[in-house]
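For reference, the structure discussed in these notes is given below.
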Amino acid sequence: MLIIRRLAAVSAGLLAAAVLASAPASAQKPGGTLVQITQPEPPNLAPYISTSGPIGQVTAKVFDGLLEYGFDLKPVPSLAESFEVTPDGKTITFKLRQNAKFHDGKPFTSADVRFTFMDVLKKVHPRGIATFRELTAVETPDPYTAIFKLEKAAPYMLMAFSGYESPVLPQHVYGSGDIKTHANANIPVGTGPFRFVEWRRGEFVRLDKNKDYWRAGLPYLDRIVVRFIGDSSTRTAALEKGEAHVAGFGAIPYNDVKKLAALPSVEVTTKGYEMVSPIVELLLNTKHAPLDNQKVRQALAYAIDRQFVIDNVWFGYGKPAAGPISSNFAPSGMFEAGKDYNAADRVARANALLDEAGFPKKADGFRFELVHDLTPYGEEWQRFGEAVQQQLAQVGVKVTLRYEDVAKWLKRVYTDYDYDISSNFLYNLADPVLGVHRSFHSDRIRPGTVFVNGARWSSPETDKIMDQATVEPDPAKRGALYRELIKQTSEASPVIYVLELQFPTLVNKQFKNVITSPLGIYGNYATAYRE
Amino acid sequence: MRGTALLFYILRRLLQTVPVVLGVVVLNFLLLQLAPGDLATVLAGEAGGAPKEYIDLLRQRFGQDQPVIVQLYRYMAGLLTLDLGYSFRQSAPVLQLLLDRLWPTLLLMGTTFLLSLGFGVTMGLLAALWVRTWKDHIVSVVAIIFYATPLFWVGLMLILLFSIKLGWFPTSGMEDVVAFNEGWDRVVDIAHHLVLPSITLSLFYLALYARLMRASMLEQRGLDYVTTARAKGLSERQITIRHVLRNALLPVVTMAGVQVGSLLGGSVIVESVFAWPGLGQLAYQSLFARDFNLLLGIFFLSSCLVVIVNLIVDVVYVLLDPRIRIG
Amino acid sequence: MSDVVLTIDNLTVALPSWSDRRNAVEGVSLDIHRNEILCVVGESGSGKSVMAKSVLRLLPAPHVRVTGGRILFEGKDLLTLSEPEIRAIRGGRIAMIFQEPMVALNALMKVGRQIDEVLEVHTKMRAAERRTRVLELLADVHLPEPERIIDSYPHELSGGQRQRVMIAMALAVEPALIIADEPTTALDVTTQAQILHLIKELQRTHGTAVLFITHDFGVVAEIADRVAVMRHGELVELGQTSDVLNTPQADYTKALVAAVPSMTPRARTSAPASAPLLIVRNVEKTYGRHGGWFGSRGRTVKAVQKVSLDIGRGRSLALVGESGSGKSTLARCIIGLEESDGGEIILDGEQISGLTRNEMRTLRRHLQMVFQDPFASLNPRHRIGDIIALGPTIQGVSKEQAWKEARELLMLVGLKPEAVDRYPHEFSGGQRQRIGIARALAVKPKLIIADEPVSALDVSVQKQVLELLDKLRRTLDLSMLFITHDLRVAATVCEEIAVMQHGLIVEQGSTADIFSNPQHAYTHALLQAVPGVAWQTRSAPSI
Amino acid sequence: MMKSFSQRFLHNPLVIVGLSWLTLVLLVAVLADVLAPANPFAIVGKPFLPPAGDFLLGTDSLGRDVLGGLIHGARTTLLIAVLSTLAAVAFGALVGAVAGYYGRWIDDVLMRLTEFFQTIPSFLFALVLIAILSPSAMNLVIAIATVSWPPIARVVRGEVLSVKSREFVRAAIVAGQRDSAILISQVLPNTLSPLIVTGSLLVATAILVESALSFLGLGAPNQMSWGFMIGAGRSFMREAWWLVTVPGIVILLTVLSINLVGEGLNDALNPRLADA
């Protein structure tokens, strides 16, 4: 089937009006400073070499992408006014906006696009190396046309053009010198609605309004200040006192979110993570006995009380996961519930499976012992580990917890594979090719590469399904392939899917229109305003 | 005469500290090599996973593909020219990062130092003057409670009471980031933010100095020269101020020098509770990010800081005590 | 009487509840007259110092306090004065001089300023006038270069100079009474003589009354107009100096006077032995060679310079000198506590200098030592039996045998054999020194080195210990090297004397020769400096 | 004659208070399995039950019994603190004794080493050690001991220096005792009292360090300890005050008691200072 989608060249003002249809137009007066809490402090402000979450929370306001996305995950125009995909899926032609300028006053042209994708993202961007692997060239017949040439069709690529994922860089700034240690790594220059002013380390980044933004009349806010506060209860206090206005991605402890939600001044939303779709999982080392036994793995999956974890560890901000693919993909037909590990008699089933597998309970009530390596990402992960420890104890599995720092843990799980169980949360991202394949495909068993197939489970069948889905342009066929993948992987259970995390984003009610896309606080806040 | 002697003494002491500081750096360098995992994996981890090519690229960039001895040699060679390397994680030269964070830490530590020393000495002095009265008991009990309370707990309780319930002080940070104050307003604003963290960090040391000062005062008051002073007809007040105080200060000065290192350690906790943008927080972050260049830089800087403060303390000691020979 | 300056009337001072006796001073009454030096003499624990301190109410309250009596001064009872009133008297009308000038002065304040304080408190003089006065005072106490001394710190002065500063301080505002609490005890004998002379001179020129506390009858003989003898807090005897010294009435006074070591030199008791037991040849020792890695080059002190001496079998030699003369260093070199830098030490034909600790071990049985401080020389955590038996067990004697011998030794030194099971703190100073002697004897040595063995003891105890040492030496036919600063003691126990000064032996010979005809100026000065030398050579009680 | 040591020690009311609390904590630690037989990590009730209900001190964020945690925590906390102190005292005393007794270059080398460790901010150093070794009870002991021995070494060295110049040591040399024997039988026993005082105070410091490390999330994950409880409860400070307050007060009381007893020991061992 032939996909030609053509977006009407909608003017920026019209687009804004359309998105903001629900808000009363009279309230949108310019001015105000919005304070966002980002945790932890970003290591740098170079989103083209690092996809560390906090970086994007800052730089998505400074850099635009070629496209943005609606809550339905459909592309909307940004620096590209429109694009066209040839039927074979091997050529994408972007028509670029003509009035966009970088913060230093130089105009934005197709040369910048070619530089960004060919010289930077494809070479040094951690995900870009994979996402744009099929990209062979960017042709620039004129300053406002960029033609992407692909080796093979890559339908997922179209989901990766946001300012967060693929920021468009000015060639005249980043083009000279080594991009990996570029002087502007911490002084970002883009076309976005806010320009970078100052980064006082340990304290804040200050972004001021870009007066020459290509969307006339935008942004409304005068300034965005991104604050970094190391201690979680202090972050809560800052939000409570109105010293800060926006926080997301777990910056506020889940238990405090409930309390803050009760305040008249704070609004809580779980929207804005549709292109992220994080899933909390327990990774099982399928090469370690007894976890090489499928029955044992299934038994462990049954033993987890998902609702308890959601209620007591994430304080309600999640829903039970039904497989490797998030229910956020239901609209595109790629989601279906897998094997039901949440059945009412799950504990009995778990015990039965373990007996069957040949691990009877011994005199002390335990069948065998495992070590659980906790994700060193904060205290809820520790509590999660403690809850899992108690739940597995109920089916006779004795668990010892091990807590190491990030580097040590990553090395243990993804390089040395010296672990039994580890907790983690992985993003599904905008497409299963980007976020899901990495957990199961045999070509993703790569010692030293993190957040890939650490379970080291693979089968020729699932490899084949994924290879087909990668290049399959027909959404319906892709959907069917992925539903089959869900079925097979949840039966094999190399990974126990616990819950779909619903990050709460807290916004002070003085501010409106802050969360306007599936990228949430990775958005650019161009249309946010203060009442 | 004595001035030049003092200068030579300072120079000689500085020279003596060089091997100590270098030793600390080498020790830490080797210690950090023992840590499994490296910056490349952390960076890749934070990026939510990355291809192997990318991780190898990072390793090569960080010089981690070289043998340890080569890395050590390169680092030490750089150190001699005050080049502390580059923090790849923070994308900035280590020296610049350190200098950015140095002054908030110095501000916090300096304030704490003065607060704890000033109030501690005063409290100890008063307790000694009121010895065995109810006032002495109150001061002593307060001091020992401060001494026994975990730092972070005090910080949390102070935030709860003074920021959240009473709203007198800001919860965190070093200045109001919405207002962007300039000039005098900024000074007032920073001072306002400084109150709670410095009190939190001060309490323990205040208690320490108060107790030491009290004991030292009492010990000195039993010595013969005090009896001499009394036999001269001096009032107790004169005896205390002219004779006992200076003698009693000597052990407190020594202790204050010893405690500088621990003060830096305590600031890790306080900076984390109050989001104070200092070296302590930077150290904690860089440790978990395996940003070794930065961490080594922090160790280097804090060793220098400790050594310099110790030197200052020794100089103060020399000035206070004419018996110390510095020739 | 009009010239009575101070009257102590039935004074009683209570000790804290946990002390071994109730009162430090019990019902003491005394008068001190104008232009008079009254010596209060007594052994440690007699209450003499407490009495002196109670005059100016300087007792360590609240534990030690006056519970009865009056102290009348210029018509007022000092014990009932208000704080400001007593402060006006302290340093103004009554001044005090203490025993240890090093600790009695504030180490962190220039001495001039410390004298100046007295003037500041008690006069209305301006700063410049006060400075002139301080300089005058420093000159009055015969300190050289007052302009330099005034800006010196106490540690920059010698012990004698410091005590002169204390005296200048006491004289600053011409007090009616000076209380001197053992002001010369910490000083060397020649310095002591100078200070005593100074006090007497100043007292005569100013007509001041002086209450002088001391334990030494020699000092009494030297300086006192009248003497009060105290024992256990009570006044035993009070009278004119010559009466008390020459015809003491109370038994206690008699015993004390008798215990003062004689100035009569001891005669040679036996013919010289054929070969000396100990030969010391050209021994040298210099301190301060070792600097730290980065340390400053310390000053070097030549403690012992090419010293030679012999001790015959069964003979005793006294090594006499003041502090810093190198006598103790020489003793430590001989016993192997320090390594000499040069020269030879030969014991009974065997070279012992330059031996390692291990090589020295078997030779230890020939050579033992009695230490100075009976409180520091016994390990407080060991039983007496263990302490005495240590040497023999190291030499290979069985533990049972060593303990059996320890019991016998204890009897020999006049203690009960049961003492083996007790700990040092249960014994008095004299008893401990007896234990120290028993320890030295335990390995049956040929030579004993006694390093100031009686200098920390009261005079009556001192006499007993000296007698014991002498008796043992003669019955066991030991040789002895006796280190002392006190010529009187040396004369009591040794038939030969070597005088040391600045690391050199300046004179050596039989005690009798040296006493009757000193050759070296320093020996002469030492002899002259012995306090009460005139009185002692006149009436010589013998052992 | 002064009052005996035990008289002076036990007649101090503050010492009695401190000793009573420490005895209680010690008993609880020893009898933990009897007093609270359940696994302290076991989820036994609803989360966040306030104190004085079914659970005397309430439950925590996962429904674990706070009282049970305190009881088992006493064991872990004391064990970590005491073991690390013992290790620090043993090592510090060895270094200090050897440096003080042998002097010269040995002293120089060892004291440089000590200085070295004192130059590195100790808490930071402990953090690094834990990060490298990974958090566990054993590693906490190692880390805390590693950063706390230098003061002990200094105290012991100072004492040894003063004791070794005393005459009874010379007497032992003169008697022919070997250096090692002198160090062990003559010198070290006489440095005990300052060592005991410093050591007892070090236990208090160790408890504080352990709880601070736990607060930063570096406590031992499989042992219930007071520091762990505060670390786990700090986020819920406002809605469940007892989670942080109760273990915080317990730590405070314990550290306080150790200090009181340590000071009492000091006063009783050095009567001169006490009477000043």
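Please note that chains go A, B, ... in the order of the structure tokens, that every chain numbers its residues from 1, and that ligands are numbered from 1 in the order shown.
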Shell of 8 Å around range 13-25 of chain D, only C-alpha atoms, local chain residues under 2 positions omitted, as a PyMOL selection string:
chain D and resi 9-11+27-29+74+253-254+256-258+260-261+264
Return the neighbours of chain A among the residues of chain D, cut-off 10 Å, counting only C-alpha atoms, as a PyMOL selection string.
chain D and resi 39+41-43+46-48+61-63+130-136+216-223+231-239
May I have the residues from that selection written out with N, CA and C atoms, as a CSV table (one decimal), in the first residue's frame?
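Saved the output as selection13.csv:
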chain,number,residue,atom,x,y,z
D,39,ASN,N,9.9,-11.4,60.5
D,39,ASN,CA,10.9,-10.7,59.7
D,39,ASN,C,10.6,-9.2,59.7
D,41,PHE,N,11.1,-7.1,57.6
D,41,PHE,CA,10.7,-6.6,56.3
D,41,PHE,C,9.3,-7.1,55.9
D,42,ALA,N,8.8,-8.0,56.7
D,42,ALA,CA,7.5,-8.6,56.3
D,42,ALA,C,6.4,-7.5,56.3
D,43,ILE,N,5.5,-7.6,55.3
D,43,ILE,CA,4.4,-6.7,55.2
D,43,ILE,C,3.3,-7.3,56.0
D,46,LYS,N,-1.8,-2.7,56.8
D,46,LYS,CA,-1.9,-1.6,55.8
D,46,LYS,C,-0.8,-0.6,55.9
D,47,PRO,N,-0.4,0.0,54.8
D,47,PRO,CA,0.6,1.0,55.0
D,47,PRO,C,0.1,2.3,55.7
D,48,PHE,N,1.1,3.0,56.4
D,48,PHE,CA,0.8,4.3,57.0
D,48,PHE,C,-0.2,4.2,58.1
D,61,SER,N,5.6,2.7,54.9
D,61,SER,CA,5.0,2.9,53.6
D,61,SER,C,4.6,1.6,52.9
D,62,LEU,N,5.2,0.5,53.3
D,62,LEU,CA,4.8,-0.8,52.7
D,62,LEU,C,4.0,-1.6,53.7
D,63,GLY,N,3.6,-1.1,54.8
D,63,GLY,CA,2.9,-1.8,55.8
D,63,GLY,C,3.7,-2.7,56.7
D,130,ILE,N,31.9,3.1,49.9
D,130,ILE,CA,30.7,2.3,49.8
D,130,ILE,C,30.3,2.2,48.3
D,131,ALA,N,30.5,3.2,47.5
D,131,ALA,CA,30.1,3.2,46.1
D,131,ALA,C,30.9,2.1,45.4
D,132,ILE,N,32.2,2.1,45.8
D,132,ILE,CA,33.1,1.1,45.1
D,132,ILE,C,32.8,-0.3,45.6
D,133,LEU,N,32.6,-0.4,46.9
D,133,LEU,CA,32.4,-1.8,47.5
D,133,LEU,C,30.9,-2.3,47.3
D,134,SER,N,30.0,-1.3,47.1
D,134,SER,CA,28.6,-1.6,47.1
D,134,SER,C,28.0,-1.8,48.5
D,135,PRO,N,26.9,-1.3,48.8
D,135,PRO,CA,26.4,-1.2,50.1
D,135,PRO,C,26.0,-2.6,50.7
D,136,SER,N,26.6,-2.9,51.8
D,136,SER,CA,26.2,-4.1,52.6
D,136,SER,C,26.7,-3.9,54.0
D,216,LEU,N,21.4,8.9,52.5
D,216,LEU,CA,21.7,9.1,51.1
D,216,LEU,C,21.5,7.8,50.2
D,217,GLY,N,20.9,6.8,50.8
D,217,GLY,CA,20.5,5.7,50.1
D,217,GLY,C,21.6,4.6,49.9
D,218,LEU,N,22.6,4.7,50.8
D,218,LEU,CA,23.7,3.8,50.7
D,218,LEU,C,23.8,2.8,51.9
D,219,GLY,N,22.6,2.6,52.6
D,219,GLY,CA,22.6,1.7,53.7
D,219,GLY,C,22.6,0.2,53.2
D,220,ALA,N,22.7,-0.7,54.2
D,220,ALA,CA,22.7,-2.1,53.9
D,220,ALA,C,21.2,-2.5,53.5
D,221,PRO,N,21.0,-3.0,52.3
D,221,PRO,CA,19.6,-3.2,51.8
D,221,PRO,C,18.9,-4.4,52.5
D,222,ASN,N,19.7,-5.4,53.0
D,222,ASN,CA,19.0,-6.6,53.6
D,222,ASN,C,18.9,-6.6,55.1
D,223,GLN,N,19.5,-5.6,55.7
D,223,GLN,CA,19.4,-5.5,57.2
D,223,GLN,C,18.6,-4.3,57.6
D,231,GLY,N,15.9,6.7,56.1
D,231,GLY,CA,16.1,6.9,54.7
D,231,GLY,C,14.8,6.5,53.9
D,232,ALA,N,14.2,5.4,54.4
D,232,ALA,CA,13.0,4.9,53.7
D,232,ALA,C,11.8,5.8,54.1
D,233,GLY,N,11.8,6.4,55.2
D,233,GLY,CA,10.7,7.2,55.7
D,233,GLY,C,10.7,8.7,55.4
D,234,ARG,N,11.9,9.1,54.9
D,234,ARG,CA,12.0,10.6,54.8
D,234,ARG,C,11.1,11.2,53.8
D,235,SER,N,10.7,10.5,52.8
D,235,SER,CA,9.8,11.1,51.8
D,235,SER,C,8.4,11.2,52.4
D,236,PHE,N,8.1,10.5,53.4
D,236,PHE,CA,6.7,10.5,54.0
D,236,PHE,C,6.7,11.3,55.3
D,237,MET,N,7.7,12.1,55.4
D,237,MET,CA,7.8,12.8,56.7
D,237,MET,C,6.6,13.6,57.1
D,238,ARG,N,6.0,14.2,56.1
D,238,ARG,CA,4.9,15.1,56.4
D,238,ARG,C,3.6,14.3,56.7
D,239,GLU,N,3.3,13.3,55.9
D,239,GLU,CA,2.0,12.6,56.2
D,239,GLU,C,2.2,11.5,57.2
Enumerate as a PyMOL selection string the residues belonging to chain C that approach chain D to within 8 Å, with only C-alpha atoms taken into account.
chain C and resi 18-20+292-293+335-337+357+360-362+364-365+368-369+371+373+376-379+381+390-391+394
Do a neighbour search on range 517-534 of chain C at 6 Å with only C-alpha atoms, toss out local chain neighbours closer than 5 positions, and write the hits as an MDAnalysis selection string.
chainID C and resid 190 193 218:219 221:222
Excluding Leu57 in chain B and residues on its chain fewer than 5 positions from it, collect all residues at most 10 Å away from it, counting only C-alpha atoms, and give them as a ChimeraX atom specification.
/A:124,180 /B:40,52,62,65
Using the chain letters and numbers from this document, which residues of range 58-149 of chain C does DSSP assign to strand (DSSP E), as a short mmCIF file (atom, residue, chain, number, x, y, z; two decimals) with N, CA, C and O atoms, in the first residue's frame?
data_model
loop_
_atom_site.label_atom_id
_atom_site.label_comp_id
_atom_site.auth_asym_id
_atom_site.auth_seq_id
_atom_site.Cartn_x
_atom_site.Cartn_y
_atom_site.Cartn_z
N ARG C 65 37.85 24.45 102.02
CA ARG C 65 37.38 25.76 102.49
C ARG C 65 37.66 25.95 103.97
O ARG C 65 37.80 24.99 104.74
N VAL C 66 37.77 27.23 104.34
CA VAL C 66 38.03 27.58 105.73
C VAL C 66 36.77 27.35 106.54
O VAL C 66 35.69 27.79 106.17
N THR C 67 36.91 26.60 107.65
CA THR C 67 35.72 26.36 108.45
C THR C 67 35.79 27.02 109.83
O THR C 67 34.82 27.01 110.56
N GLY C 68 36.94 27.57 110.17
CA GLY C 68 36.99 28.22 111.47
C GLY C 68 38.19 29.13 111.60
O GLY C 68 39.17 29.00 110.85
N GLY C 69 38.10 30.10 112.50
CA GLY C 69 39.23 30.97 112.77
C GLY C 69 39.15 32.29 112.04
O GLY C 69 38.19 32.55 111.30
N ARG C 70 40.17 33.12 112.28
CA ARG C 70 40.22 34.43 111.66
C ARG C 70 41.60 34.66 111.10
O ARG C 70 42.58 34.07 111.56
N ILE C 71 41.69 35.54 110.10
CA ILE C 71 42.99 35.97 109.60
C ILE C 71 42.94 37.50 109.60
O ILE C 71 42.26 38.10 108.79
N LEU C 72 43.62 38.09 110.57
CA LEU C 72 43.53 39.54 110.74
C LEU C 72 44.70 40.21 110.04
O LEU C 72 45.85 39.82 110.19
N PHE C 73 44.36 41.24 109.24
CA PHE C 73 45.38 41.98 108.53
C PHE C 73 44.94 43.44 108.51
O PHE C 73 43.82 43.75 108.10
N LYS C 76 41.48 44.10 109.77
CA LYS C 76 40.29 43.47 109.19
C LYS C 76 40.47 41.96 109.13
O LYS C 76 41.59 41.47 108.98
N ASP C 77 39.36 41.24 109.24
CA ASP C 77 39.41 39.79 109.07
C ASP C 77 39.30 39.49 107.58
O ASP C 77 38.25 39.69 106.97
N ILE C 94 49.08 42.48 100.17
CA ILE C 94 49.74 41.18 100.38
C ILE C 94 50.03 40.58 99.01
O ILE C 94 49.12 40.48 98.17
N ALA C 95 51.27 40.22 98.76
CA ALA C 95 51.60 39.61 97.47
C ALA C 95 52.06 38.18 97.69
O ALA C 95 52.39 37.78 98.81
N MET C 96 52.05 37.43 96.58
CA MET C 96 52.38 36.02 96.73
C MET C 96 53.37 35.57 95.66
O MET C 96 53.32 36.03 94.52
N ILE C 97 54.27 34.69 96.04
CA ILE C 97 55.22 34.09 95.10
C ILE C 97 55.02 32.58 95.16
O ILE C 97 54.88 32.02 96.24
#
Using only C-alpha atoms, which residues sit within 9 Å of range 160-170 of chain A once same-chain residues fewer than 5 positions away are excluded, as a PyMOL selection string?
chain A and resi 47-48+51+56-57+59-69+75+78-79+102+106-109+111-113+115-117+120-121+125+127-128+131+175+188-192+430+519+522-524
Produce a file of the selected residues containing N, CA and C atoms, as a compact mmCIF listing (two decimals), in the first residue's frame.
# COMPACT_ATOMS: atom_id res chain seq x y z
N PRO A 47 21.76 17.93 23.47
CA PRO A 47 20.83 16.81 23.24
C PRO A 47 21.22 15.97 22.03
N TYR A 48 22.17 16.47 21.22
CA TYR A 48 22.57 15.72 20.04
C TYR A 48 23.60 14.65 20.36
N THR A 51 21.08 11.56 25.29
CA THR A 51 19.62 11.57 25.40
C THR A 51 19.21 11.50 26.86
N GLY A 56 16.82 16.92 27.72
CA GLY A 56 15.70 17.23 26.85
C GLY A 56 14.68 18.14 27.51
N GLN A 57 14.52 18.00 28.83
CA GLN A 57 13.55 18.85 29.51
C GLN A 57 13.93 20.32 29.38
N THR A 59 16.42 21.47 26.78
CA THR A 59 16.78 21.89 25.42
C THR A 59 15.61 21.83 24.44
N ALA A 60 14.55 21.08 24.77
CA ALA A 60 13.40 21.02 23.86
C ALA A 60 12.77 22.40 23.71
N LYS A 61 13.07 23.32 24.65
CA LYS A 61 12.55 24.68 24.54
C LYS A 61 13.45 25.53 23.63
N VAL A 62 14.68 25.07 23.43
CA VAL A 62 15.65 25.87 22.69
C VAL A 62 15.74 25.41 21.24
N PHE A 63 15.66 24.08 21.04
CA PHE A 63 15.76 23.52 19.69
C PHE A 63 14.38 23.13 19.19
N ASP A 64 14.13 23.39 17.92
CA ASP A 64 12.93 22.85 17.28
C ASP A 64 13.31 21.58 16.54
N GLY A 65 12.30 20.76 16.28
CA GLY A 65 12.49 19.62 15.41
C GLY A 65 11.85 19.91 14.07
N LEU A 66 12.01 18.97 13.12
CA LEU A 66 11.33 19.15 11.84
C LEU A 66 9.83 19.00 12.02
N LEU A 67 9.45 18.13 12.97
CA LEU A 67 8.03 17.87 13.20
C LEU A 67 7.76 17.88 14.69
N GLU A 68 6.47 17.97 15.02
CA GLU A 68 6.05 17.68 16.39
C GLU A 68 4.92 16.66 16.28
N TYR A 69 4.37 16.25 17.42
CA TYR A 69 3.37 15.19 17.37
C TYR A 69 2.18 15.55 18.24
N PRO A 75 2.02 13.16 13.25
CA PRO A 75 2.93 14.30 13.10
C PRO A 75 2.19 15.60 12.83
N SER A 78 6.40 21.56 12.08
CA SER A 78 7.20 22.42 12.93
C SER A 78 8.16 23.16 12.00
N LEU A 79 9.45 22.89 12.05
CA LEU A 79 10.36 23.54 11.11
C LEU A 79 10.07 23.08 9.69
N PHE A 102 17.80 31.28 13.65
CA PHE A 102 18.44 30.82 14.87
C PHE A 102 18.56 31.98 15.85
N LYS A 106 20.97 34.22 12.46
CA LYS A 106 21.20 33.64 11.13
C LYS A 106 19.98 32.81 10.72
N PRO A 107 19.68 32.79 9.42
CA PRO A 107 18.48 32.06 8.96
C PRO A 107 18.69 30.55 8.99
N PHE A 108 17.56 29.86 9.13
CA PHE A 108 17.56 28.40 9.11
C PHE A 108 17.35 27.91 7.69
N THR A 109 18.23 26.98 7.19
CA THR A 109 18.09 26.48 5.81
C THR A 109 18.27 24.97 5.78
N ALA A 111 20.61 23.35 4.57
CA ALA A 111 21.98 22.93 4.89
C ALA A 111 22.09 22.52 6.36
N ASP A 112 21.37 23.28 7.22
CA ASP A 112 21.38 22.94 8.64
C ASP A 112 20.77 21.57 8.87
N VAL A 113 19.73 21.24 8.08
CA VAL A 113 19.08 19.93 8.23
C VAL A 113 20.05 18.83 7.82
N PHE A 115 23.29 18.91 7.75
CA PHE A 115 24.34 18.84 8.76
C PHE A 115 23.85 18.10 10.00
N THR A 116 22.68 18.48 10.48
CA THR A 116 22.15 17.89 11.70
C THR A 116 22.02 16.38 11.59
N PHE A 117 21.39 15.92 10.50
CA PHE A 117 21.10 14.49 10.44
C PHE A 117 22.29 13.67 9.97
N VAL A 120 25.71 14.85 12.46
CA VAL A 120 25.62 14.81 13.91
C VAL A 120 24.79 13.61 14.39
N LEU A 121 23.49 13.65 14.15
CA LEU A 121 22.60 12.65 14.77
C LEU A 121 22.96 11.23 14.34
N HIS A 125 24.54 10.69 17.97
CA HIS A 125 23.37 10.64 18.85
C HIS A 125 23.13 9.20 19.28
N ARG A 127 20.67 7.33 20.24
CA ARG A 127 19.61 6.57 19.56
C ARG A 127 19.64 6.82 18.07
N GLY A 128 20.12 7.99 17.67
CA GLY A 128 20.16 8.36 16.25
C GLY A 128 20.97 7.39 15.43
N THR A 131 18.43 4.80 14.83
CA THR A 131 17.23 5.28 14.16
C THR A 131 17.52 5.64 12.70
N GLY A 175 29.11 23.39 13.34
CA GLY A 175 29.79 22.75 12.21
C GLY A 175 31.30 22.76 12.32
N PRO A 188 23.50 26.15 24.24
CA PRO A 188 22.74 25.72 23.06
C PRO A 188 22.21 26.91 22.24
N VAL A 189 22.29 26.76 20.93
CA VAL A 189 21.72 27.76 20.00
C VAL A 189 20.78 27.04 19.05
N GLY A 190 19.52 27.41 19.06
CA GLY A 190 18.55 26.75 18.20
C GLY A 190 17.59 27.75 17.59
N THR A 191 16.45 27.23 17.16
CA THR A 191 15.43 28.11 16.58
C THR A 191 14.22 28.19 17.51
N GLY A 192 14.30 27.57 18.65
CA GLY A 192 13.13 27.37 19.50
C GLY A 192 12.55 28.64 20.10
N ALA A 430 8.35 6.07 20.80
CA ALA A 430 7.27 6.39 19.87
C ALA A 430 6.90 5.20 18.99
N LEU A 519 4.84 14.45 24.26
CA LEU A 519 6.17 14.52 24.85
C LEU A 519 6.17 15.28 26.17
N TYR A 522 8.87 17.39 27.71
CA TYR A 522 9.86 17.46 26.64
C TYR A 522 9.35 18.38 25.53
N GLY A 523 8.19 19.02 25.76
CA GLY A 523 7.64 19.94 24.77
C GLY A 523 8.33 21.29 24.87
N ASN A 524 7.88 22.26 24.00
CA ASN A 524 8.64 23.51 23.95
C ASN A 524 7.97 24.67 24.68
Which residues are near Val296 in chain A? Cut-off 9 Å, only C-alpha atoms, ignore same chain within fewer than 3 positions. Put them as a count of residues only.
12
I need the residues in range 37-270 of chain D that are alpha helix (DSSP H) according to DSSP; give them as a PyMOL selection string.
chain D and resi 66-102+104-119+122-133+137-164+167-175+179-181+192-215+226-233+241-269
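With CA of Gly73 in chain D on one side and CA of Gly45 in chain D on the other, the separation reads 19.1 Å.
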Just the residues within 10 Å of Leu117 in chain B, please, counting only C-alpha atoms, with nothing from its chain fewer than 6 positions along; format it as a ChimeraX atom specification.
/B:111,123,202,205-210,213,252-253,256
Distance table requested - chain C against chain B, cut-off 6 Å, only C-alpha atoms: one row per qualifying residue with the closest atom pair and its distance in Å to one decimal, ordered by chain and rising residue number, as JSON lines.
{"residue": "C:Arg87", "atom": "CA", "partner": "B:Gly233", "partner_atom": "CA", "distance": 4.4}
{"residue": "C:Arg90", "atom": "CA", "partner": "B:Gly233", "partner_atom": "CA", "distance": 4.5}
{"residue": "C:Gly91", "atom": "CA", "partner": "B:Lys232", "partner_atom": "CA", "distance": 4.0}
{"residue": "C:Val103", "atom": "CA", "partner": "B:Asp224", "partner_atom": "CA", "distance": 5.8}
{"residue": "C:Ala104", "atom": "CA", "partner": "B:Tyr225", "partner_atom": "CA", "distance": 4.0}
{"residue": "C:Leu105", "atom": "CA", "partner": "B:Tyr225", "partner_atom": "CA", "distance": 5.0}
{"residue": "C:Asn106", "atom": "CA", "partner": "B:Tyr225", "partner_atom": "CA", "distance": 5.4}
{"residue": "C:Leu108", "atom": "CA", "partner": "B:Asp321", "partner_atom": "CA", "distance": 5.8}
{"residue": "C:Val118", "atom": "CA", "partner": "B:Lys232", "partner_atom": "CA", "distance": 5.7}
